[in-house]
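Let me begin by presenting the structure, written as structure tokens, before commenting on it.
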Amino acid sequence: MQGFRSHMEEAMAQAHAAANRGEVPVGAVVARGDAILARAGNRMRELTDPTAHAEMLAIRAACAALGSERLAGCDLYVTLEPCPACAGAIAAARIARLYYGASDPKSGGVAQGPRVFDHPQTHHRPEIYGGIEAKASEILLKRFFAARRG
């Protein structure tokens, strides 16, 4: 892909910041080309909001930045496979391309579990690219949860 620039490094930075706040380390970035429109990490505990997933927060901020509920032509980079709720938001926002890191066999909704984008009721399916920096995301998540159990 000529001119492609990954923003997964910034998503990983957001995941690390989330971990430092005691949140599950997931980070997300919404970009249009080289321009980052929004970035976020999980804030469910901080905001006492079960919908404050990194993807949801980044999508909300990008929509606000563009003044539109649609993010056509935008890409979402997220360090962990989105859950079903986030996949629904991605479809509703009309994200063009989804790049995610680690697979989530327990709670994923894209390649695992309900596979939201495979349902005929889904009005929009982004291009999907999984496994981007997956190992780094997996290591961060495993270390985070090991420290919580330890």
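Chain lettering (A, B, ...) mirrors the order of the structure tokens, residue numbering begins at 1 for each chain separately, and ligand numbering begins at 1 in order of display.
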Would you return as a list in words the members of region 48-86 of chain A that DSSP assigns to strand (DSSP E) on this structure's backbone? Asp75, Leu76, Tyr77, Val78, Thr79 and Leu80 of chain A
Would you export the selected residues with N, CA and C atoms as a JSON list (two decimals), in the first residue's frame, please?
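Below is the file that was written, selection.json:
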```json
[["chain", "number", "residue", "atom", "x", "y", "z"],
["A", 75, "ASP", "N", -9.39, 5.60, 9.57],
["A", 75, "ASP", "CA", -8.89, 4.30, 10.02],
["A", 75, "ASP", "C", -8.87, 4.27, 11.54],
["A", 76, "LEU", "N", -9.11, 3.09, 12.10],
["A", 76, "LEU", "CA", -9.02, 2.90, 13.54],
["A", 76, "LEU", "C", -7.91, 1.89, 13.81],
["A", 77, "TYR", "N", -7.00, 2.28, 14.67],
["A", 77, "TYR", "CA", -5.92, 1.41, 15.14],
["A", 77, "TYR", "C", -6.19, 1.11, 16.60],
["A", 78, "VAL", "N", -6.25, -0.15, 16.96],
["A", 78, "VAL", "CA", -6.52, -0.51, 18.36],
["A", 78, "VAL", "C", -5.64, -1.70, 18.71],
["A", 79, "THR", "N", -5.15, -1.71, 19.93],
["A", 79, "THR", "CA", -4.17, -2.71, 20.33],
["A", 79, "THR", "C", -4.76, -4.08, 20.60],
["A", 80, "LEU", "N", -6.07, -4.17, 20.78],
["A", 80, "LEU", "CA", -6.74, -5.44, 21.06],
["A", 80, "LEU", "C", -7.98, -5.55, 20.18]]
```
Find the spatial neighbours of region 123-130 of chain A, counting only C-alpha atoms, within a cut-off of 7 Å - ignore same-chain residues fewer than 5 positions away - and output them as an MDAnalysis selection string. chainID A and resid 91 94:101 117
Got time to write the residues from that selection, all heavy atoms, as a PDB file, in the first residue's frame?
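out.pdb written:
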```pdb
ATOM      1  N   ALA A  91     -18.921   0.013  13.031  1.00  0.00           N
ATOM      2  CA  ALA A  91     -19.823  -0.080  11.886  1.00  0.00           C
ATOM      3  C   ALA A  91     -20.687   1.175  11.777  1.00  0.00           C
ATOM      4  O   ALA A  91     -20.842   1.733  10.685  1.00  0.00           O
ATOM      5  CB  ALA A  91     -20.698  -1.328  11.999  1.00  0.00           C
ATOM      6  N   ARG A  94     -18.928   4.079  10.383  1.00  0.00           N
ATOM      7  CA  ARG A  94     -18.478   3.864   9.002  1.00  0.00           C
ATOM      8  C   ARG A  94     -16.964   3.992   8.854  1.00  0.00           C
ATOM      9  O   ARG A  94     -16.459   4.526   7.866  1.00  0.00           O
ATOM     10  CB  ARG A  94     -19.177   4.799   8.012  1.00  0.00           C
ATOM     11  CG  ARG A  94     -20.707   4.795   8.040  1.00  0.00           C
ATOM     12  CD  ARG A  94     -21.269   3.412   7.738  1.00  0.00           C
ATOM     13  NE  ARG A  94     -22.661   3.444   7.355  1.00  0.00           N
ATOM     14  CZ  ARG A  94     -23.682   3.194   8.172  1.00  0.00           C
ATOM     15  NH1 ARG A  94     -23.471   2.921   9.437  1.00  0.00           N
ATOM     16  NH2 ARG A  94     -24.924   3.211   7.741  1.00  0.00           N
ATOM     17  N   ILE A  95     -16.245   3.486   9.861  1.00  0.00           N
ATOM     18  CA  ILE A  95     -14.776   3.456   9.798  1.00  0.00           C
ATOM     19  C   ILE A  95     -14.376   2.676   8.541  1.00  0.00           C
ATOM     20  O   ILE A  95     -14.922   1.601   8.270  1.00  0.00           O
ATOM     21  CB  ILE A  95     -14.200   2.760  11.060  1.00  0.00           C
ATOM     22  CG1 ILE A  95     -14.536   3.551  12.321  1.00  0.00           C
ATOM     23  CG2 ILE A  95     -12.723   2.481  10.916  1.00  0.00           C
ATOM     24  CD1 ILE A  95     -13.704   4.759  12.585  1.00  0.00           C
ATOM     25  N   ALA A  96     -13.421   3.179   7.795  1.00  0.00           N
ATOM     26  CA  ALA A  96     -13.020   2.535   6.538  1.00  0.00           C
ATOM     27  C   ALA A  96     -12.179   1.288   6.773  1.00  0.00           C
ATOM     28  O   ALA A  96     -12.411   0.248   6.147  1.00  0.00           O
ATOM     29  CB  ALA A  96     -12.239   3.523   5.663  1.00  0.00           C
ATOM     30  N   ARG A  97     -11.178   1.406   7.660  1.00  0.00           N
ATOM     31  CA  ARG A  97     -10.263   0.298   7.907  1.00  0.00           C
ATOM     32  C   ARG A  97     -10.018   0.147   9.403  1.00  0.00           C
ATOM     33  O   ARG A  97      -9.810   1.137  10.101  1.00  0.00           O
ATOM     34  CB  ARG A  97      -8.927   0.534   7.195  1.00  0.00           C
ATOM     35  CG  ARG A  97      -9.002   0.290   5.688  1.00  0.00           C
ATOM     36  CD  ARG A  97      -7.814   0.890   4.954  1.00  0.00           C
ATOM     37  NE  ARG A  97      -7.804   2.353   5.044  1.00  0.00           N
ATOM     38  CZ  ARG A  97      -8.545   3.164   4.290  1.00  0.00           C
ATOM     39  NH1 ARG A  97      -9.352   2.677   3.383  1.00  0.00           N
ATOM     40  NH2 ARG A  97      -8.482   4.467   4.435  1.00  0.00           N
ATOM     41  N   LEU A  98     -10.026  -1.103   9.854  1.00  0.00           N
ATOM     42  CA  LEU A  98      -9.737  -1.444  11.242  1.00  0.00           C
ATOM     43  C   LEU A  98      -8.432  -2.213  11.280  1.00  0.00           C
ATOM     44  O   LEU A  98      -8.295  -3.235  10.614  1.00  0.00           O
ATOM     45  CB  LEU A  98     -10.864  -2.307  11.820  1.00  0.00           C
ATOM     46  CG  LEU A  98     -10.577  -3.010  13.156  1.00  0.00           C
ATOM     47  CD1 LEU A  98     -10.336  -2.008  14.278  1.00  0.00           C
ATOM     48  CD2 LEU A  98     -11.722  -3.961  13.498  1.00  0.00           C
ATOM     49  N   TYR A  99      -7.483  -1.699  12.055  1.00  0.00           N
ATOM     50  CA  TYR A  99      -6.210  -2.377  12.293  1.00  0.00           C
ATOM     51  C   TYR A  99      -6.165  -2.706  13.773  1.00  0.00           C
ATOM     52  O   TYR A  99      -6.292  -1.801  14.600  1.00  0.00           O
ATOM     53  CB  TYR A  99      -5.029  -1.458  11.957  1.00  0.00           C
ATOM     54  CG  TYR A  99      -4.996  -0.993  10.523  1.00  0.00           C
ATOM     55  CD1 TYR A  99      -5.626   0.188  10.137  1.00  0.00           C
ATOM     56  CD2 TYR A  99      -4.332  -1.731   9.552  1.00  0.00           C
ATOM     57  CE1 TYR A  99      -5.591   0.630   8.827  1.00  0.00           C
ATOM     58  CE2 TYR A  99      -4.290  -1.299   8.232  1.00  0.00           C
ATOM     59  CZ  TYR A  99      -4.922  -0.117   7.879  1.00  0.00           C
ATOM     60  OH  TYR A  99      -4.893   0.316   6.576  1.00  0.00           O
ATOM     61  N   TYR A 100      -6.014  -3.980  14.116  1.00  0.00           N
ATOM     62  CA  TYR A 100      -5.925  -4.307  15.535  1.00  0.00           C
ATOM     63  C   TYR A 100      -4.748  -5.220  15.798  1.00  0.00           C
ATOM     64  O   TYR A 100      -4.248  -5.900  14.909  1.00  0.00           O
ATOM     65  CB  TYR A 100      -7.238  -4.884  16.067  1.00  0.00           C
ATOM     66  CG  TYR A 100      -7.610  -6.264  15.592  1.00  0.00           C
ATOM     67  CD1 TYR A 100      -7.150  -7.400  16.257  1.00  0.00           C
ATOM     68  CD2 TYR A 100      -8.450  -6.436  14.512  1.00  0.00           C
ATOM     69  CE1 TYR A 100      -7.504  -8.668  15.835  1.00  0.00           C
ATOM     70  CE2 TYR A 100      -8.813  -7.697  14.089  1.00  0.00           C
ATOM     71  CZ  TYR A 100      -8.341  -8.806  14.748  1.00  0.00           C
ATOM     72  OH  TYR A 100      -8.695 -10.060  14.329  1.00  0.00           O
ATOM     73  N   GLY A 101      -4.322  -5.201  17.057  1.00  0.00           N
ATOM     74  CA  GLY A 101      -3.158  -5.974  17.484  1.00  0.00           C
ATOM     75  C   GLY A 101      -3.518  -7.387  17.865  1.00  0.00           C
ATOM     76  O   GLY A 101      -3.751  -8.243  17.017  1.00  0.00           O
ATOM     77  N   PHE A 117     -19.065  -8.198  12.189  1.00  0.00           N
ATOM     78  CA  PHE A 117     -19.068  -7.730  10.802  1.00  0.00           C
ATOM     79  C   PHE A 117     -19.516  -8.796   9.808  1.00  0.00           C
ATOM     80  O   PHE A 117     -19.759  -8.483   8.648  1.00  0.00           O
ATOM     81  CB  PHE A 117     -17.690  -7.185  10.420  1.00  0.00           C
ATOM     82  CG  PHE A 117     -17.264  -6.018  11.264  1.00  0.00           C
ATOM     83  CD1 PHE A 117     -16.105  -6.084  12.011  1.00  0.00           C
ATOM     84  CD2 PHE A 117     -18.025  -4.865  11.321  1.00  0.00           C
ATOM     85  CE1 PHE A 117     -15.700  -5.015  12.797  1.00  0.00           C
ATOM     86  CE2 PHE A 117     -17.642  -3.795  12.114  1.00  0.00           C
ATOM     87  CZ  PHE A 117     -16.481  -3.869  12.840  1.00  0.00           C
TER      88      PHE A 117
END
```
Can you check which residues of chain A DSSP gives as helix (DSSP H, G or I) on the backbone and send them as a PyMOL selection string? chain A and resi 8-20+44-47+54-66+84-93+116-118+134-149
Preceding selection exported with C-alpha atoms as an mmCIF file, in the first residue's frame:
```
data_model
loop_
_atom_site.group_PDB
_atom_site.id
_atom_site.type_symbol
_atom_site.label_atom_id
_atom_site.label_comp_id
_atom_site.auth_asym_id
_atom_site.auth_seq_id
_atom_site.Cartn_x
_atom_site.Cartn_y
_atom_site.Cartn_z
ATOM 1 C CA MET A 8 -0.204 1.451 15.965
ATOM 2 C CA GLU A 9 2.807 2.880 17.823
ATOM 3 C CA GLU A 10 0.610 5.715 19.133
ATOM 4 C CA ALA A 11 -2.141 3.231 20.010
ATOM 5 C CA MET A 12 0.456 1.276 22.025
ATOM 6 C CA ALA A 13 1.485 4.495 23.790
ATOM 7 C CA GLN A 14 -2.168 5.018 24.746
ATOM 8 C CA ALA A 15 -2.331 1.412 26.020
ATOM 9 C CA HIS A 16 0.737 1.989 28.209
ATOM 10 C CA ALA A 17 -0.807 5.191 29.578
ATOM 11 C CA ALA A 18 -4.001 3.261 30.383
ATOM 12 C CA ALA A 19 -1.975 0.630 32.252
ATOM 13 C CA ASN A 20 -0.248 3.383 34.240
ATOM 14 C CA MET A 44 -13.708 2.561 32.367
ATOM 15 C CA ARG A 45 -12.575 2.695 35.993
ATOM 16 C CA GLU A 46 -11.645 6.357 35.940
ATOM 17 C CA LEU A 47 -14.957 7.423 34.422
ATOM 18 C CA ALA A 54 -10.428 3.046 24.063
ATOM 19 C CA GLU A 55 -12.230 2.568 20.746
ATOM 20 C CA MET A 56 -15.429 4.245 21.928
ATOM 21 C CA LEU A 57 -13.564 7.224 23.355
ATOM 22 C CA ALA A 58 -11.431 7.651 20.220
ATOM 23 C CA ILE A 59 -14.479 7.370 17.943
ATOM 24 C CA ARG A 60 -16.405 9.944 20.019
ATOM 25 C CA ALA A 61 -13.468 12.376 19.965
ATOM 26 C CA ALA A 62 -12.893 11.945 16.214
ATOM 27 C CA CYS A 63 -16.588 12.518 15.486
ATOM 28 C CA ALA A 64 -16.495 15.671 17.618
ATOM 29 C CA ALA A 65 -13.348 16.862 15.828
ATOM 30 C CA LEU A 66 -14.985 16.389 12.417
ATOM 31 C CA PRO A 84 -18.921 -6.685 20.073
ATOM 32 C CA ALA A 85 -20.074 -3.281 21.378
ATOM 33 C CA CYS A 86 -17.036 -1.524 19.915
ATOM 34 C CA ALA A 87 -17.457 -3.409 16.634
ATOM 35 C CA GLY A 88 -21.016 -2.082 16.488
ATOM 36 C CA ALA A 89 -19.757 1.467 17.027
ATOM 37 C CA ILE A 90 -17.114 0.979 14.332
ATOM 38 C CA ALA A 91 -19.823 -0.080 11.886
ATOM 39 C CA ALA A 92 -22.121 2.800 12.874
ATOM 40 C CA ALA A 93 -19.289 5.308 12.438
ATOM 41 C CA VAL A 116 -20.159 -8.726 14.295
ATOM 42 C CA PHE A 117 -19.068 -7.730 10.802
ATOM 43 C CA ASP A 118 -20.108 -11.110 9.385
ATOM 44 C CA ALA A 134 0.123 -8.302 18.260
ATOM 45 C CA LYS A 135 3.054 -9.628 20.288
ATOM 46 C CA ALA A 136 3.738 -6.268 21.956
ATOM 47 C CA SER A 137 0.067 -5.913 22.867
ATOM 48 C CA GLU A 138 -0.117 -9.474 24.200
ATOM 49 C CA ILE A 139 2.961 -8.939 26.369
ATOM 50 C CA LEU A 140 1.566 -5.695 27.791
ATOM 51 C CA LEU A 141 -1.776 -7.328 28.606
ATOM 52 C CA LYS A 142 -0.184 -10.435 30.154
ATOM 53 C CA ARG A 143 2.142 -8.353 32.337
ATOM 54 C CA PHE A 144 -0.734 -6.142 33.446
ATOM 55 C CA PHE A 145 -2.924 -9.059 34.523
ATOM 56 C CA ALA A 146 -0.009 -10.985 36.077
ATOM 57 C CA ALA A 147 0.765 -7.962 38.257
ATOM 58 C CA ARG A 148 -2.896 -7.802 39.340
ATOM 59 C CA ARG A 149 -2.902 -11.480 40.327
#
```
Distance criterion (only C-alpha atoms): nearest to Gly108 (chain A) out of A:Gly73, A:Pro82, A:Pro120, A:Gly131: A:Pro82
Quick one, how far is CA of Asp104 (chain A) from CA of Phe4 (chain A)?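 That distance, rounded to one decimal, is 25.5 Å.
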So how far away is CA of Ser107 (chain A) from CA of Ala52 (chain A), in Å? 15.4 Å
Would you work out the distance separating CA of Ala28 (chain A) from CA of Ser103 (chain A), expressed in Å to one decimal?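 Taking CA of Ala28 (chain A) and CA of Ser103 (chain A), their separation equals 14.7 Å.
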